[in-house]
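Visitor: Provided herewith is a single structure, encoded as structure tokens, for subsequent inquiry.
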Amino acid sequence: MRRYTEIPYVIDLLQTRALVLVNPKAWDDRNDSFYIEQYARSVGLRRTYALCLTEAPETYHHWRVFSHGSGGACITFDKEKLIKYAAKIKGLRAESVRYRTIAQLRRKPPATEDLPFLKRHAYTDEHEFRLFYGSTKKKAEPTVRMPVPLSAIERITLSPWLPRSVALQVKGTLKAIKGCGGLEIYRSTLVENDVWKGFADNGA
């Protein structure tokens, strides 16, 4: 399971041993955030928090849309361990997103409890897995943190657009964080891979 993000959030995770869930109100997909707002109104939540991951393998789409630029990064988690730690927080839901067409919803309208995990069919390629939490407190915090030990992290992949020499420095900086020396950290070769290029040379 992967979380496409930016290097500052990777540093935050490694230092605090926690993932940050934020208010989805400002999400680009207004259909998605509207469903969450509707769910909140229906069940009496004052504030909602979410974090999006993907169950898909590495794709150009995910890098380009969610972590574009040299500052992007991808954190690969052990799915079972992540779900295990999510279950420790009462009320936090960790579920795969379901994708539906308008025609499907006309035939079978969604149940209220499903609203935080429904998206339009056009987003199917995201293969999203979502962490969702709602608060009924009057003075809710702007974010919610979910504790995650380093043992739940399988690897960290740096942006394919990050220059190799800079990637080495970033890798060293991340490994210098207390307890992170053994983490597997690599730079993605998705957009430029020497092995892939080599096959063209062999056929020339």
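How things are named: the first chain in the structure tokens is A, the next is B, and so on; residues count from 1 in each chain; ligands count from 1 in the order shown.
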List the neighbours of Ala40 in chain A out to 12 Å using only C-alpha atoms; skip same-chain residues closer than 4 positions along the sequence, and give me the result as a short mmCIF file (atom, residue, chain, number, x, y, z; two decimals) with N, CA and C atoms, in the first residue's frame.
Guide:
```
data_model
loop_
_atom_site.label_atom_id
_atom_site.label_comp_id
_atom_site.auth_asym_id
_atom_site.auth_seq_id
_atom_site.Cartn_x
_atom_site.Cartn_y
_atom_site.Cartn_z
N ASN A 23 -8.48 17.69 7.11
CA ASN A 23 -9.86 17.93 6.70
C ASN A 23 -9.97 17.83 5.17
N PRO A 24 -10.86 16.99 4.65
CA PRO A 24 -10.98 16.80 3.19
C PRO A 24 -11.79 17.88 2.49
N LYS A 25 -12.19 18.91 3.20
CA LYS A 25 -13.07 19.94 2.62
C LYS A 25 -12.47 20.60 1.39
N SER A 33 -15.59 15.24 -1.58
CA SER A 33 -15.70 15.98 -0.32
C SER A 33 -17.16 16.26 0.05
N PHE A 34 -18.04 16.42 -0.96
CA PHE A 34 -19.46 16.63 -0.68
C PHE A 34 -20.07 15.40 0.00
N TYR A 35 -19.71 14.22 -0.47
CA TYR A 35 -20.22 13.00 0.14
C TYR A 35 -19.78 12.90 1.61
N ILE A 36 -18.55 13.30 1.86
CA ILE A 36 -18.06 13.26 3.24
C ILE A 36 -18.79 14.30 4.10
N GLY A 44 -23.91 13.51 12.60
CA GLY A 44 -23.63 14.47 13.66
C GLY A 44 -22.16 14.74 13.95
N LEU A 45 -21.32 14.66 12.93
CA LEU A 45 -19.89 14.96 13.12
C LEU A 45 -19.65 16.45 12.93
N ARG A 46 -18.79 17.02 13.74
CA ARG A 46 -18.44 18.44 13.62
C ARG A 46 -17.25 18.65 12.69
N ARG A 47 -16.39 17.64 12.60
CA ARG A 47 -15.21 17.76 11.76
C ARG A 47 -14.79 16.38 11.26
N THR A 48 -14.28 16.33 10.04
CA THR A 48 -13.83 15.06 9.49
C THR A 48 -12.37 15.15 9.08
N TYR A 49 -11.72 14.00 9.06
CA TYR A 49 -10.30 13.92 8.72
C TYR A 49 -10.10 12.69 7.84
N THR A 112 -25.86 5.61 3.91
CA THR A 112 -25.15 6.72 4.56
C THR A 112 -23.76 6.31 5.01
N GLU A 113 -23.64 5.13 5.58
CA GLU A 113 -22.34 4.69 6.11
C GLU A 113 -21.29 4.47 5.03
N ASP A 114 -21.73 4.36 3.76
CA ASP A 114 -20.79 4.14 2.66
C ASP A 114 -20.26 5.44 2.05
N LEU A 115 -20.86 6.57 2.36
CA LEU A 115 -20.53 7.83 1.70
C LEU A 115 -19.05 8.23 1.79
N PRO A 116 -18.37 8.02 2.92
CA PRO A 116 -16.96 8.43 2.98
C PRO A 116 -16.03 7.60 2.10
N PHE A 132 -10.23 7.25 7.51
CA PHE A 132 -11.25 8.28 7.75
C PHE A 132 -11.62 8.33 9.23
N TYR A 133 -11.71 9.56 9.73
CA TYR A 133 -12.06 9.74 11.15
C TYR A 133 -12.96 10.96 11.29
N GLY A 134 -13.95 10.87 12.17
CA GLY A 134 -14.84 11.99 12.42
C GLY A 134 -14.88 12.36 13.89
N SER A 135 -15.02 13.64 14.17
CA SER A 135 -15.05 14.11 15.55
C SER A 135 -16.36 14.84 15.84
N THR A 136 -16.87 14.64 17.06
CA THR A 136 -18.08 15.33 17.50
C THR A 136 -17.75 16.46 18.47
#
```
Visitor: Fewer than 3 positions away in the same chain doesn't count, so skip those; otherwise give me all residues within 10 Å of range 154-159 of chain A, counting only C-alpha atoms, as a PyMOL selection string.
Guide: chain A and resi 1-7+10+58+63-64+67-79+150-151+162-164+167-168+170-171+174+182-191
Visitor: Please provide as a list in words all residues within 9 Å of Arg17 in chain A, with the sequence filter that same-chain residues fewer than 4 positions apart are discarded (counting only C-alpha atoms).
Guide: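 Those residues are Asp12, Leu13, Met146, Pro147, Val148, Pro149 and Leu150 of chain A.
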Visitor: Next, dump the selected residues to file, keeping only N, CA and C atoms, as a PDB file, in the first residue's frame.
Guide:
```
ATOM      1  N   ASP A  12       8.157  14.356   8.686  1.00  0.00           N
ATOM      2  CA  ASP A  12       7.228  14.441   9.820  1.00  0.00           C
ATOM      3  C   ASP A  12       6.863  13.048  10.318  1.00  0.00           C
ATOM      4  N   LEU A  13       6.566  12.124   9.393  1.00  0.00           N
ATOM      5  CA  LEU A  13       6.223  10.755   9.767  1.00  0.00           C
ATOM      6  C   LEU A  13       7.380  10.074  10.485  1.00  0.00           C
ATOM      7  N   MET A 146      -2.328   9.559  13.528  1.00  0.00           N
ATOM      8  CA  MET A 146      -2.462   8.123  13.752  1.00  0.00           C
ATOM      9  C   MET A 146      -1.067   7.534  13.950  1.00  0.00           C
ATOM     10  N   PRO A 147      -0.764   7.053  15.145  1.00  0.00           N
ATOM     11  CA  PRO A 147       0.565   6.473  15.408  1.00  0.00           C
ATOM     12  C   PRO A 147       0.869   5.296  14.479  1.00  0.00           C
ATOM     13  N   VAL A 148       2.053   5.330  13.883  1.00  0.00           N
ATOM     14  CA  VAL A 148       2.502   4.262  12.982  1.00  0.00           C
ATOM     15  C   VAL A 148       3.979   4.002  13.250  1.00  0.00           C
ATOM     16  N   PRO A 149       4.343   2.812  13.710  1.00  0.00           N
ATOM     17  CA  PRO A 149       5.756   2.514  13.960  1.00  0.00           C
ATOM     18  C   PRO A 149       6.538   2.345  12.658  1.00  0.00           C
ATOM     19  N   LEU A 150       7.832   2.505  12.738  1.00  0.00           N
ATOM     20  CA  LEU A 150       8.669   2.358  11.552  1.00  0.00           C
ATOM     21  C   LEU A 150       8.575   0.963  10.953  1.00  0.00           C
TER      22      LEU A 150
END
```
Visitor: If you run DSSP on the backbone, which residues of range 34-203 of chain A are alpha helix (DSSP H), as a count of residues only?
Guide: 53
Visitor: Taking the chain letters and numbering used in this document, name the residues of range 16-108 of chain A that DSSP puts in strand (DSSP E or B), as number ranges by chain.
Guide: A: 18-22, 47-54, 72-77, 93-96, 98-100
Visitor: Counting only C-alpha atoms, what is within 12 Å of range 99-107 of chain A, bar same-chain residues fewer than 5 positions away, as a list in words?
Guide: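 So, after excluding close chain neighbours, the residues are Asn31, Asp32, Asp114, Leu115, Pro116, Phe117, Leu118, Lys119, Arg120, His121, Ala122, Tyr123, Thr124, Asp125, Glu126, His127, Glu128 and Phe129 of chain A.
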